[in-house]
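Colleague: Got a structure for you, input-v2.cif, holding mmCIF, C-alpha atoms.
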```cif
data_entry
#
loop_
_atom_site.label_atom_id
_atom_site.label_comp_id
_atom_site.auth_asym_id
_atom_site.auth_seq_id
_atom_site.Cartn_x
_atom_site.Cartn_y
_atom_site.Cartn_z
CA MET A 1 -33.08 0.54 7.97
CA VAL A 2 -30.08 1.46 10.14
CA LEU A 3 -32.26 2.73 12.99
CA GLY A 4 -34.48 -0.34 12.67
CA ALA A 5 -31.44 -2.60 12.85
CA VAL A 6 -30.35 -0.95 16.11
CA PHE A 7 -33.80 -1.49 17.59
CA LEU A 8 -33.69 -5.13 16.43
CA GLU A 9 -30.18 -5.78 17.79
CA PRO A 10 -28.94 -2.89 19.99
CA ASP A 11 -25.33 -4.12 20.22
CA CYS A 12 -24.87 -3.58 16.48
CA ILE A 13 -24.60 0.16 17.16
CA PHE A 14 -20.99 -0.52 18.20
CA GLU A 15 -20.26 -1.56 14.60
CA LEU A 16 -21.45 1.72 13.10
CA ILE A 17 -19.22 4.65 12.13
CA LEU A 18 -22.19 6.91 11.44
CA GLU A 19 -22.73 10.31 13.05
CA PRO A 20 -26.15 11.94 13.50
CA TYR A 21 -25.48 14.48 10.73
CA HIS A 22 -25.08 11.66 8.19
CA PHE A 23 -28.88 11.19 8.23
CA SER A 24 -30.90 13.42 5.93
CA GLN A 25 -33.99 13.93 8.10
CA LYS A 26 -33.86 15.91 11.34
CA LYS A 27 -36.03 13.39 13.17
CA ASN A 28 -33.68 10.52 12.27
CA GLN A 29 -30.69 12.62 13.33
CA LEU A 30 -32.31 13.17 16.72
CA ILE A 31 -33.19 9.51 17.17
CA PHE A 32 -29.68 8.35 16.33
CA GLN A 33 -28.23 10.99 18.66
CA VAL A 34 -30.40 9.61 21.49
CA MET A 35 -29.33 6.05 20.65
CA THR A 36 -25.68 7.13 20.77
CA GLU A 37 -26.16 8.78 24.17
CA LEU A 38 -27.88 5.64 25.54
CA ARG A 39 -24.96 3.57 24.30
CA GLN A 40 -22.45 5.89 26.01
CA GLU A 41 -24.46 5.64 29.24
CA SER A 42 -24.48 1.81 28.94
CA GLN A 43 -28.28 1.74 28.85
CA GLY A 44 -30.42 -0.55 26.74
CA ILE A 45 -31.77 0.70 23.42
CA ASP A 46 -35.45 0.03 22.69
CA VAL A 47 -38.60 2.03 22.01
CA VAL A 48 -39.23 2.64 25.72
CA THR A 49 -35.72 3.93 26.56
CA VAL A 50 -35.63 6.11 23.44
CA VAL A 51 -39.06 7.62 24.25
CA ASN A 52 -37.92 8.28 27.81
CA LYS A 53 -34.69 9.91 26.62
CA LEU A 54 -36.51 12.07 24.06
CA GLY A 55 -38.93 13.39 26.68
CA SER A 56 -40.86 16.39 25.36
CA LEU A 57 -39.18 16.07 21.95
CA ILE A 58 -41.13 12.89 21.18
CA GLU A 59 -43.75 14.72 19.13
CA SER A 60 -41.11 16.45 16.98
CA ILE A 61 -40.04 13.08 15.56
CA GLY A 62 -43.55 11.82 14.80
CA GLY A 63 -44.52 10.34 18.14
CA VAL A 64 -44.29 6.82 19.49
CA SER A 65 -45.93 5.45 16.35
CA TYR A 66 -42.92 6.50 14.22
CA LEU A 67 -40.50 4.78 16.61
CA THR A 68 -42.64 1.66 16.57
CA SER A 69 -42.66 1.63 12.77
CA LEU A 70 -38.85 1.89 12.77
CA ALA A 71 -38.55 -0.97 15.26
CA VAL A 72 -40.37 -3.37 12.92
CA SER A 73 -38.95 -2.04 9.64
CA CYS A 74 -35.71 -4.05 9.58
CA PRO A 75 -35.99 -7.83 9.02
CA THR A 76 -32.33 -8.62 9.76
CA THR A 77 -29.02 -7.03 10.80
CA VAL A 78 -27.02 -9.24 8.46
CA HIS A 79 -26.91 -6.45 5.87
CA LEU A 80 -26.14 -3.68 8.37
CA GLU A 81 -22.94 -2.67 6.54
CA ASP A 82 -24.92 -2.23 3.31
CA TYR A 83 -27.52 -0.10 5.10
CA GLN A 84 -24.77 2.07 6.53
CA GLN A 85 -23.17 2.54 3.12
CA ILE A 86 -26.51 3.68 1.67
CA VAL A 87 -26.78 6.36 4.37
CA LEU A 88 -23.18 7.48 3.75
CA GLU A 89 -23.61 7.63 -0.05
CA HIS A 90 -26.68 9.83 0.27
CA TYR A 91 -24.82 12.06 2.75
CA LYS A 92 -21.87 12.42 0.35
CA LEU A 93 -24.17 13.37 -2.53
CA ARG A 94 -25.94 16.01 -0.40
CA GLU A 95 -22.63 17.54 0.67
CA LEU A 96 -21.25 17.56 -2.87
CA LYS A 97 -24.39 19.21 -4.22
CA ARG A 98 -24.20 21.83 -1.47
CA ALA A 99 -20.54 22.54 -2.21
CA ALA A 100 -21.15 22.62 -5.96
CA ALA A 101 -24.05 25.05 -5.53
CA SER A 102 -21.86 27.29 -3.39
CA PHE A 103 -19.18 27.30 -6.09
CA LEU A 104 -21.67 28.02 -8.87
CA ASN A 105 -23.16 30.92 -6.91
CA ASP A 106 -19.75 32.39 -6.03
CA GLY A 107 -17.41 31.28 -8.80
CA ARG A 108 -14.19 32.28 -7.07
CA LEU A 109 -11.06 30.11 -6.97
CA ALA A 110 -11.30 29.97 -3.19
CA GLU A 111 -14.74 28.40 -3.51
CA ALA A 112 -13.40 25.93 -6.09
CA GLU A 113 -10.67 24.97 -3.62
CA ARG A 114 -13.30 24.47 -0.93
CA PHE A 115 -15.31 22.24 -3.26
CA TYR A 116 -12.21 20.16 -4.04
CA GLN A 117 -11.37 19.80 -0.33
CA THR A 118 -14.95 18.68 0.32
CA PHE A 119 -14.67 16.06 -2.43
CA ILE A 120 -11.39 14.69 -1.00
CA ARG A 121 -12.79 14.63 2.55
CA LEU A 122 -15.90 12.76 1.46
CA GLN A 123 -13.87 10.19 -0.49
CA GLU A 124 -12.26 8.99 2.71
CA ILE A 125 -15.51 8.58 4.67
CA GLY A 126 -16.60 4.98 5.08
CA MET A 127 -13.56 3.44 3.39
CA THR A 128 -13.61 -0.23 4.41
CA HIS A 129 -10.71 -1.87 2.58
CA GLU A 130 -9.01 -3.19 5.70
CA GLU A 131 -7.56 -6.65 5.26
CA THR A 132 -8.83 -9.45 7.48
CA LYS A 133 -6.80 -11.10 10.22
CA HIS A 134 -6.56 -14.22 8.07
CA ASP A 135 -5.08 -12.20 5.18
CA LEU A 136 -2.62 -10.57 7.57
CA ILE A 137 -1.46 -13.92 8.96
CA MET A 138 -1.08 -15.39 5.46
CA ASP A 139 1.03 -12.40 4.35
CA ILE A 140 3.39 -12.89 7.31
CA PHE A 141 3.49 -16.66 6.73
CA ASN A 142 4.41 -16.20 3.08
CA GLU A 143 7.19 -13.77 3.99
CA MET A 144 8.68 -16.47 6.24
CA TYR A 145 9.02 -18.95 3.36
CA GLU A 146 9.52 -16.70 0.32
CA ASP A 147 12.71 -14.78 -0.39
CA GLN A 148 11.67 -11.12 -0.52
CA GLY A 149 15.09 -10.03 -1.76
CA ASP A 150 17.23 -7.33 -0.20
CA LEU A 151 14.71 -4.57 -0.82
CA ASN A 152 11.21 -4.18 0.56
CA GLY A 153 10.68 -0.84 -1.17
CA ILE A 154 11.90 1.30 -4.05
CA ASP A 155 15.63 1.05 -4.80
CA THR A 156 17.50 4.14 -3.57
CA GLY A 157 20.27 3.53 -6.10
CA PHE A 158 22.96 3.33 -3.39
CA ASP A 159 23.95 0.00 -1.80
CA SER A 160 24.88 1.55 1.54
CA LEU A 161 21.57 3.41 1.74
CA ASN A 162 19.63 0.32 0.67
CA ARG A 163 21.20 -1.67 3.51
CA MET A 164 20.05 0.94 6.01
CA THR A 165 16.55 1.52 4.63
CA SER A 166 15.69 -1.62 2.59
CA GLY A 167 14.50 0.89 -0.02
CA TRP A 168 11.83 3.58 0.17
CA SER A 169 8.72 2.01 1.66
CA LYS A 170 5.38 2.77 0.06
CA GLY A 171 3.34 5.07 2.26
CA ASP A 172 6.33 6.58 4.07
CA LEU A 173 6.95 10.28 4.59
CA ILE A 174 10.73 10.78 4.26
CA VAL A 175 12.17 14.11 5.38
CA LEU A 176 15.47 15.21 3.82
CA ALA A 177 16.81 18.22 5.72
CA ALA A 178 19.93 20.39 5.45
CA ARG A 179 21.15 23.96 5.56
CA PRO A 180 21.28 25.85 2.22
CA SER A 181 23.99 24.76 -0.27
CA MET A 182 24.50 21.38 1.38
CA GLY A 183 23.29 19.56 -1.73
CA LYS A 184 19.82 18.43 -0.62
CA THR A 185 18.14 19.29 -3.94
CA ALA A 186 20.93 17.57 -5.88
CA PHE A 187 20.62 14.50 -3.66
CA ALA A 188 16.83 14.41 -4.01
CA LEU A 189 17.16 14.61 -7.80
CA SER A 190 19.70 11.81 -7.69
CA LEU A 191 17.19 9.63 -5.80
CA ALA A 192 14.52 10.51 -8.37
CA MET A 193 16.85 9.57 -11.23
CA ASN A 194 17.76 6.27 -9.60
CA CYS A 195 14.06 5.39 -9.36
CA CYS A 196 13.61 6.15 -13.07
CA LYS A 197 16.65 4.04 -13.99
CA LYS A 198 14.79 1.05 -12.51
CA GLY A 199 11.66 1.80 -14.54
CA GLY A 200 9.86 3.75 -11.84
CA VAL A 201 7.65 6.82 -12.05
CA VAL A 202 8.55 10.12 -10.37
CA ASP A 203 6.83 13.44 -9.72
CA VAL A 204 9.17 16.26 -8.64
CA PHE A 205 7.45 19.35 -7.22
CA SER A 206 9.80 22.32 -7.36
CA LEU A 207 8.34 25.12 -5.26
CA GLU A 208 11.49 27.26 -5.47
CA MET A 209 13.32 26.73 -8.79
CA PRO A 210 11.78 26.81 -12.28
CA LYS A 211 11.45 23.39 -13.88
CA LYS A 212 14.02 24.17 -16.62
CA GLN A 213 16.70 24.75 -13.98
CA LEU A 214 16.00 21.40 -12.35
CA ALA A 215 15.93 19.68 -15.75
CA LYS A 216 19.39 21.07 -16.52
CA ARG A 217 20.65 19.72 -13.21
CA ILE A 218 19.40 16.26 -14.15
CA LEU A 219 20.97 16.51 -17.60
CA SER A 220 24.27 17.68 -16.09
CA SER A 221 24.35 14.61 -13.86
CA LEU A 222 23.43 12.30 -16.73
CA SER A 223 25.94 13.73 -19.20
CA LYS A 224 28.74 14.56 -16.76
CA ILE A 225 28.86 18.08 -18.17
CA ASP A 226 29.81 20.83 -15.73
CA GLY A 227 26.63 22.47 -14.50
CA ALA A 228 28.04 25.95 -15.16
CA LYS A 229 28.13 25.24 -18.89
CA TRP A 230 24.36 24.73 -19.01
CA LYS A 231 23.84 28.44 -18.35
CA ASN A 232 24.91 29.15 -21.95
CA PRO A 233 25.33 25.80 -23.76
CA TYR A 234 25.43 27.36 -27.24
CA ARG A 235 28.68 29.16 -26.41
CA LEU A 236 30.23 26.91 -23.78
CA PHE A 237 29.55 23.40 -25.09
CA THR A 238 32.23 21.59 -27.05
CA GLU A 239 31.25 19.12 -29.79
CA GLU A 240 31.78 16.32 -27.28
CA ASP A 241 29.51 18.10 -24.80
CA GLN A 242 26.79 18.44 -27.44
CA ALA A 243 26.95 14.72 -28.19
CA LYS A 244 26.73 13.86 -24.49
CA ALA A 245 23.89 16.33 -23.99
CA ASN A 246 21.88 14.86 -26.88
CA THR A 247 22.27 11.38 -25.42
CA ALA A 248 21.19 12.66 -22.00
CA LEU A 249 18.15 14.39 -23.50
CA GLY A 250 17.13 11.09 -25.10
CA VAL A 251 17.37 9.25 -21.78
CA PHE A 252 15.52 12.02 -19.95
CA HIS A 253 12.77 11.89 -22.58
CA GLN A 254 12.28 8.15 -22.05
CA TRP A 255 11.89 8.43 -18.27
CA ASN A 256 8.51 8.74 -16.56
CA LEU A 257 9.75 11.75 -14.63
CA GLN A 258 7.69 14.93 -14.50
CA ILE A 259 8.87 18.22 -12.96
CA HIS A 260 6.13 20.53 -11.72
CA ASP A 261 6.50 24.14 -10.58
CA PRO A 262 2.87 24.83 -9.65
CA SER A 263 1.62 28.39 -9.27
CA GLN A 264 -0.69 27.24 -6.45
CA LYS A 265 1.73 25.84 -3.87
CA THR A 266 -0.91 24.05 -1.79
CA VAL A 267 -1.21 20.50 -0.52
CA SER A 268 -4.45 20.06 -2.49
CA CYS A 269 -2.59 20.95 -5.69
CA LEU A 270 0.09 18.36 -4.91
CA ARG A 271 -2.57 15.80 -4.02
CA ALA A 272 -4.39 16.32 -7.32
CA GLN A 273 -1.24 15.59 -9.34
CA ILE A 274 -0.31 12.58 -7.18
CA GLN A 275 -3.81 11.18 -7.58
CA LYS A 276 -3.62 11.67 -11.36
CA THR A 277 -0.22 9.96 -11.64
CA ARG A 278 -1.25 7.04 -9.44
CA ARG A 279 -4.38 6.56 -11.53
CA GLU A 280 -2.26 6.55 -14.70
CA PHE A 281 0.40 4.22 -13.24
CA PRO A 282 -1.46 2.07 -10.68
CA ASP A 283 1.09 -0.76 -10.40
CA GLU A 284 4.47 0.89 -11.05
CA ASP A 285 6.99 1.95 -8.42
CA TYR A 286 6.14 5.59 -7.79
CA LEU A 287 8.18 8.22 -5.96
CA VAL A 288 7.30 11.83 -5.06
CA VAL A 289 9.86 14.57 -4.29
CA ILE A 290 8.75 17.93 -2.83
CA ASP A 291 11.26 20.80 -2.69
CA TYR A 292 10.52 22.11 -0.08
CA LEU A 293 8.25 22.06 3.01
CA GLN A 294 8.51 25.70 4.11
CA LEU A 295 7.31 26.95 0.70
CA ILE A 296 3.99 25.08 0.81
CA ASN A 297 1.05 27.43 1.33
CA VAL A 298 -1.33 26.57 4.14
CA SER A 299 -5.08 26.39 3.64
CA GLY A 300 -6.90 28.00 6.55
CA LYS A 301 -5.76 30.19 9.40
CA TYR A 302 -3.55 29.09 12.28
CA ASP A 303 -2.54 30.99 15.39
CA ARG A 304 1.02 29.64 15.26
CA HIS A 305 3.35 28.76 12.41
CA ASP A 306 4.21 25.38 13.91
CA LEU A 307 0.52 24.41 13.81
CA ALA A 308 0.41 25.34 10.11
CA ILE A 309 3.46 23.16 9.42
CA ALA A 310 1.87 20.35 11.43
CA SER A 311 -1.23 20.46 9.23
CA ILE A 312 0.96 20.14 6.12
CA THR A 313 3.06 17.19 7.32
CA LYS A 314 -0.05 15.40 8.59
CA GLU A 315 -1.78 15.79 5.20
CA LEU A 316 1.31 14.67 3.29
CA LYS A 317 1.58 11.58 5.47
CA GLN A 318 -2.08 10.79 4.76
CA ILE A 319 -1.47 11.23 1.01
CA ALA A 320 1.55 8.90 1.15
CA ARG A 321 -0.53 6.18 2.79
CA LEU A 322 -3.63 6.71 0.65
CA TYR A 323 -1.78 6.45 -2.67
CA GLU A 324 0.91 4.04 -1.41
CA VAL A 325 3.77 6.27 -2.48
CA PRO A 326 6.95 7.26 -0.60
CA ILE A 327 7.15 11.05 -0.39
CA ILE A 328 10.60 12.63 -0.03
CA LEU A 329 9.98 16.02 1.57
CA LEU A 330 12.87 18.47 1.64
CA SER A 331 13.09 20.81 4.61
CA GLN A 332 15.27 23.64 5.83
CA LEU A 333 17.17 23.61 9.11
CA SER A 334 17.27 26.49 11.56
CA ARG A 335 20.27 28.82 11.79
CA GLY A 336 21.16 27.32 15.16
CA VAL A 337 23.47 24.94 13.30
CA GLU A 338 25.74 27.84 12.39
CA GLN A 339 26.25 28.85 16.02
CA ARG A 340 27.82 25.54 17.06
CA MET A 341 31.42 24.41 16.74
CA ASP A 342 30.25 21.12 15.25
CA LYS A 343 28.06 22.10 12.31
CA ARG A 344 26.59 18.62 11.90
CA PRO A 345 22.79 18.97 12.13
CA LYS A 346 20.49 17.37 14.69
CA MET A 347 16.79 16.63 14.56
CA SER A 348 16.18 19.53 16.95
CA ASP A 349 17.52 21.84 14.21
CA LEU A 350 14.46 21.11 12.06
CA ARG A 351 12.29 24.18 11.81
CA ASP A 352 9.04 23.54 13.71
CA SER A 353 10.58 20.17 14.47
CA GLY A 354 7.82 18.76 16.71
CA SER A 355 5.31 17.96 13.98
CA ILE A 356 7.99 16.98 11.44
CA GLU A 357 9.57 14.49 13.84
CA GLN A 358 6.17 13.07 14.71
CA ASP A 359 4.83 12.58 11.18
CA ALA A 360 8.03 11.53 9.39
CA ASP A 361 8.79 7.83 9.07
CA LEU A 362 12.42 8.53 8.18
CA ILE A 363 14.53 11.67 8.65
CA MET A 364 17.84 12.19 6.82
CA LEU A 365 20.14 15.08 7.74
CA LEU A 366 22.82 16.13 5.23
CA TYR A 367 26.24 17.54 6.06
CA ARG A 368 29.12 18.46 3.76
CA ASP A 369 32.37 19.36 5.51
CA GLU A 370 33.80 21.08 2.42
CA TYR A 371 31.17 23.83 2.75
CA TYR A 372 32.42 24.94 6.18
CA ASN A 373 36.09 24.04 5.85
CA LYS A 374 37.25 25.57 2.60
CA ASP A 375 40.80 24.34 3.24
CA ASN A 376 39.49 20.78 3.19
CA SER A 377 38.57 20.86 -0.49
CA ASP A 378 39.88 17.32 -0.93
CA ASN A 379 36.99 16.05 1.18
CA LYS A 380 34.30 15.50 -1.43
CA PHE A 381 32.11 13.33 0.79
CA ILE A 382 28.60 14.11 1.94
CA GLU A 383 27.32 12.62 5.19
CA ILE A 384 23.74 11.36 5.32
CA ASP A 385 22.68 10.94 8.93
CA ILE A 386 19.57 8.77 9.25
CA ALA A 387 18.43 10.36 12.50
CA LYS A 388 15.00 8.73 12.67
CA HIS A 389 13.83 5.48 11.14
CA ARG A 390 10.46 4.22 12.32
CA ASN A 391 10.93 0.75 10.85
CA GLY A 392 14.69 0.26 10.80
CA PRO A 393 18.15 1.25 12.02
CA ILE A 394 19.61 4.71 12.33
CA GLY A 395 23.18 5.64 11.44
CA MET A 396 25.49 7.36 8.99
CA VAL A 397 25.95 6.81 5.26
CA LYS A 398 28.72 8.53 3.27
CA LEU A 399 28.57 9.22 -0.45
CA LEU A 400 31.02 10.90 -2.80
CA PHE A 401 29.59 14.17 -4.12
CA GLU A 402 30.76 15.35 -7.54
CA LYS A 403 29.57 18.92 -7.10
CA GLU A 404 30.23 20.17 -10.63
CA TYR A 405 27.86 17.49 -12.03
CA GLY A 406 25.50 17.19 -9.06
CA ARG A 407 26.28 13.47 -8.97
CA PHE A 408 26.49 11.12 -5.98
CA VAL A 409 28.53 7.93 -5.98
#
```
Would you mind writing the file out in structure tokens?
Modeller:
Amino acid sequence: MVLGAVFLEPDCIFELILEPYHFSQKKNQLIFQVMTELRQESQGIDVVTVVNKLGSLIESIGGVSYLTSLAVSCPTTVHLEDYQQIVLEHYKLRELKRAAASFLNDGRLAEAERFYQTFIRLQEIGMTHEETKHDLIMDIFNEMYEDQGDLNGIDTGFDSLNRMTSGWSKGDLIVLAARPSMGKTAFALSLAMNCCKKGGVVDVFSLEMPKKQLAKRILSSLSKIDGAKWKNPYRLFTEEDQAKANTALGVFHQWNLQIHDPSQKTVSCLRAQIQKTRREFPDEDYLVVIDYLQLINVSGKYDRHDLAIASITKELKQIARLYEVPIILLSQLSRGVEQRMDKRPKMSDLRDSGSIEQDADLIMLLYRDEYYNKDNSDNKFIEIDIAKHRNGPIGMVKLLFEKEYGRFV
């Protein structure tokens, strides 16, 4: 029907997203390829031009009679989108069956991963949920006359940060970068906790620390119990500490916060969990924290490390948009920071910074003066430099860091 529709109304080929390989039969693939070439050459598309373009290949597709039958097979182009979807659905089923057969014949985890990647890739083909121009205009009109409040996204939990960001926007990739021991994990956990306090849902992917260690950090912040005591609470806790800890455990239990330390540190593994959570909580505020970028394993082979990192950040950005979730991605900074007099980080200090700068919607760089200037122990502040903000201002935010509890104020 698609090929017949093009013969009936040649200009409708500009509305198609199909490729030749989407068709199941070789002869239809060849015909559509010829139609595409005629379109690119700005020539008309009819039986005569297609026959001329096919040349000696005309017999391989069933001759002129087959083309003629196609030309009269489609009564109208009104349902062209439906015809296209039928072709795409059949293509997806063929590819899934092929991938499933390959997995069943092999049975290795690598083949299972390939099957999963095929499934995800096929899901995104032919997605047509784009809002109309009328819907877009009405959304903007309503924003003009309805108070949207101070926040357009998920509450960060800090007034100064909310003023700069208007909250974490759904679909944004947010990079949080710092040198080791600056407090980036503690800050990311604080942001996760603040989301939960407002009734939100959070997935924390810890690719470095075991989940129990992160859980104890959260409990330390909640209970205001020195983090060092959690290493041996049975011996170090006072009765007051035990009471506080029990209260904190109750709060932690009530939150929709899950900590994952996956054995397979791949983007597809992260995607699977994000997809599961979004399906379970389709309407709730949802935040994802990944600690950290450089520990994610890359699928496939790349000649350069920066290209591998680029593939990860690109995929994470796609996941953020697809599931409408802000992703806070922690990242290391290069050692170049340590060689400068002023240790405050810059965007150029991001490892493999090109792709990170390009894909990130917002980049925050952390600096704690106390770490470098031991004599300045009275300075308990942490500086959060919003170095890139695609949809808002850049600038500095200062928070008080209570290091022994991992708390920010």
Colleague: How many Å separate CA of Thr156 (chain A) from CA of Val251 (chain A)?
Modeller: 18.9 Å
Colleague: Neighbouring residues of Glu357 (chain A) were defined as those with any atom within 10 Å, considering all atoms listed in the file; residues of the same chain fewer than 4 positions away were excluded. Please report them as a PDB file with C-alpha atoms, in the frame of the given file.
Modeller:
```pdb
ATOM      1  CA  VAL A 175      12.170  14.110   5.380  1.00  0.00           C
ATOM      2  CA  ALA A 310       1.870  20.350  11.430  1.00  0.00           C
ATOM      3  CA  THR A 313       3.060  17.190   7.320  1.00  0.00           C
ATOM      4  CA  MET A 347      16.790  16.630  14.560  1.00  0.00           C
ATOM      5  CA  SER A 348      16.180  19.530  16.950  1.00  0.00           C
ATOM      6  CA  LEU A 350      14.460  21.110  12.060  1.00  0.00           C
ATOM      7  CA  ASP A 352       9.040  23.540  13.710  1.00  0.00           C
ATOM      8  CA  SER A 353      10.580  20.170  14.470  1.00  0.00           C
ATOM      9  CA  ASP A 361       8.790   7.830   9.070  1.00  0.00           C
ATOM     10  CA  LEU A 362      12.420   8.530   8.180  1.00  0.00           C
ATOM     11  CA  ILE A 363      14.530  11.670   8.650  1.00  0.00           C
ATOM     12  CA  ALA A 387      18.430  10.360  12.500  1.00  0.00           C
ATOM     13  CA  LYS A 388      15.000   8.730  12.670  1.00  0.00           C
TER      14      LYS A 388
END
```
Colleague: Here is a test: counting all atoms listed in the file, which residue of A:Glu9, A:Asp349, A:Glu402, A:Asp285 is nearest to Asp155 (chain A)?
Modeller: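 The closest residue to Asp155 (chain A) is A:Asp285.
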Colleague: Quick one: of A:Thr68, A:Thr77, A:Gln84, A:Asn52, who's nearest to Phe23 (chain A), counting all atoms listed in the file?
Modeller: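 When distances to Phe23 (chain A) are compared using all atoms listed in the file, the smallest one comes from A:Gln84.
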Colleague: Using Å and a single decimal, report how far CA of Glu280 (chain A) sits from CA of Gln318 (chain A).
Modeller: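 Result for CA of Gln318 (chain A) versus CA of Glu280 (chain A): 19.9 Å, one decimal.
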Colleague: Starting from the shown file, work through the PyMOL selection byres ((chain A and resi 319-330) around 9) and note down what comes out as a ChimeraX atom specification.
Modeller: /A:153-154,168-178,184-185,188,271,274-275,278,285-294,314-318,331-332
Colleague: Write a file of the just-selected residues containing C-alpha atoms, as a JSON list (two decimals), keeping the file's coordinate frame.
Modeller:
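Okay, out.json is ready:
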```
[["chain", "number", "residue", "atom", "x", "y", "z"],
["A", 153, "GLY", "CA", 10.68, -0.84, -1.17],
["A", 154, "ILE", "CA", 11.90, 1.30, -4.05],
["A", 168, "TRP", "CA", 11.83, 3.58, 0.17],
["A", 169, "SER", "CA", 8.72, 2.01, 1.66],
["A", 170, "LYS", "CA", 5.38, 2.77, 0.06],
["A", 171, "GLY", "CA", 3.34, 5.07, 2.26],
["A", 172, "ASP", "CA", 6.33, 6.58, 4.07],
["A", 173, "LEU", "CA", 6.95, 10.28, 4.59],
["A", 174, "ILE", "CA", 10.73, 10.78, 4.26],
["A", 175, "VAL", "CA", 12.17, 14.11, 5.38],
["A", 176, "LEU", "CA", 15.47, 15.21, 3.82],
["A", 177, "ALA", "CA", 16.81, 18.22, 5.72],
["A", 178, "ALA", "CA", 19.93, 20.39, 5.45],
["A", 184, "LYS", "CA", 19.82, 18.43, -0.62],
["A", 185, "THR", "CA", 18.14, 19.29, -3.94],
["A", 188, "ALA", "CA", 16.83, 14.41, -4.01],
["A", 271, "ARG", "CA", -2.57, 15.80, -4.02],
["A", 274, "ILE", "CA", -0.31, 12.58, -7.18],
["A", 275, "GLN", "CA", -3.81, 11.18, -7.58],
["A", 278, "ARG", "CA", -1.25, 7.04, -9.44],
["A", 285, "ASP", "CA", 6.99, 1.95, -8.42],
["A", 286, "TYR", "CA", 6.14, 5.59, -7.79],
["A", 287, "LEU", "CA", 8.18, 8.22, -5.96],
["A", 288, "VAL", "CA", 7.30, 11.83, -5.06],
["A", 289, "VAL", "CA", 9.86, 14.57, -4.29],
["A", 290, "ILE", "CA", 8.75, 17.93, -2.83],
["A", 291, "ASP", "CA", 11.26, 20.80, -2.69],
["A", 292, "TYR", "CA", 10.52, 22.11, -0.08],
["A", 293, "LEU", "CA", 8.25, 22.06, 3.01],
["A", 294, "GLN", "CA", 8.51, 25.70, 4.11],
["A", 314, "LYS", "CA", -0.05, 15.40, 8.59],
["A", 315, "GLU", "CA", -1.78, 15.79, 5.20],
["A", 316, "LEU", "CA", 1.31, 14.67, 3.29],
["A", 317, "LYS", "CA", 1.58, 11.58, 5.47],
["A", 318, "GLN", "CA", -2.08, 10.79, 4.76],
["A", 331, "SER", "CA", 13.09, 20.81, 4.61],
["A", 332, "GLN", "CA", 15.27, 23.64, 5.83]]
```
Colleague: Between CA of Gly63 (chain A) and CA of Leu30 (chain A), measure the distance and give it in Å to one decimal.
Modeller: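 For CA of Gly63 (chain A) relative to CA of Leu30 (chain A), the distance reads 12.6 Å.
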Colleague: On this structure, which residues satisfy the PyMOL selection byres ((chain A and resi 372) around 12), written as a list in words?
Modeller: Arg179, Pro180, Ser181, Met182, Val337, Glu338, Arg340, Met341, Asp342, Lys343, Arg344, Tyr367, Arg368, Asp369, Glu370, Tyr371, Asn373, Lys374, Asp375, Asn376, Ser377 and Asn379 of chain A
Colleague: Apply the PyMOL selection byres ((chain A and resi 258-266) around 7) to the displayed file and report the matching residues as a list in words.
Modeller: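 Checked against the file, the PyMOL selection byres ((chain A and resi 258-266) around 7) matches Val202, Asp203, Val204, Phe205, Ser206, Leu207, Pro210, Lys211, Asn256, Leu257, Val267, Ser268, Cys269, Leu270, Ile296, Asn297 and Val298 of chain A.
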Colleague: Neighbouring residues of Gln213 (chain A) were defined as those with any atom within 12 Å, considering only C-alpha atoms; residues of the same chain fewer than 4 positions away were excluded. Please report them as a count of residues only.
Modeller: 17
Colleague: Nearest to Glu404 (chain A): which of A:Ala248, A:Cys196, A:Ile225, A:Ile31 is it, counting all atoms listed in the file?
Modeller: A:Ile225
Colleague: Counting all atoms listed in the file, what is within 12 Å of Glu37 (chain A), bar same-chain residues fewer than 2 positions away, as a list in words?
Modeller: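 Residues meeting the cut-off are Ile13, Glu19, Pro20, Leu30, Ile31, Phe32, Gln33, Val34, Met35, Arg39, Gln40, Glu41, Ser42, Gln43, Gly44, Ile45, Thr49, Val50, Lys53 and Leu54 of chain A.
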Colleague: For C-alpha atoms, I'd like the residues from the last selection saved as a PDB file, keeping the file's coordinate frame.
Modeller:
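Final output, saved to part37.pdb:
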```pdb
ATOM      1  CA  ILE A  13     -24.600   0.160  17.160  1.00  0.00           C
ATOM      2  CA  GLU A  19     -22.730  10.310  13.050  1.00  0.00           C
ATOM      3  CA  PRO A  20     -26.150  11.940  13.500  1.00  0.00           C
ATOM      4  CA  LEU A  30     -32.310  13.170  16.720  1.00  0.00           C
ATOM      5  CA  ILE A  31     -33.190   9.510  17.170  1.00  0.00           C
ATOM      6  CA  PHE A  32     -29.680   8.350  16.330  1.00  0.00           C
ATOM      7  CA  GLN A  33     -28.230  10.990  18.660  1.00  0.00           C
ATOM      8  CA  VAL A  34     -30.400   9.610  21.490  1.00  0.00           C
ATOM      9  CA  MET A  35     -29.330   6.050  20.650  1.00  0.00           C
ATOM     10  CA  ARG A  39     -24.960   3.570  24.300  1.00  0.00           C
ATOM     11  CA  GLN A  40     -22.450   5.890  26.010  1.00  0.00           C
ATOM     12  CA  GLU A  41     -24.460   5.640  29.240  1.00  0.00           C
ATOM     13  CA  SER A  42     -24.480   1.810  28.940  1.00  0.00           C
ATOM     14  CA  GLN A  43     -28.280   1.740  28.850  1.00  0.00           C
ATOM     15  CA  GLY A  44     -30.420  -0.550  26.740  1.00  0.00           C
ATOM     16  CA  ILE A  45     -31.770   0.700  23.420  1.00  0.00           C
ATOM     17  CA  THR A  49     -35.720   3.930  26.560  1.00  0.00           C
ATOM     18  CA  VAL A  50     -35.630   6.110  23.440  1.00  0.00           C
ATOM     19  CA  LYS A  53     -34.690   9.910  26.620  1.00  0.00           C
ATOM     20  CA  LEU A  54     -36.510  12.070  24.060  1.00  0.00           C
TER      21      LEU A  54
END
```
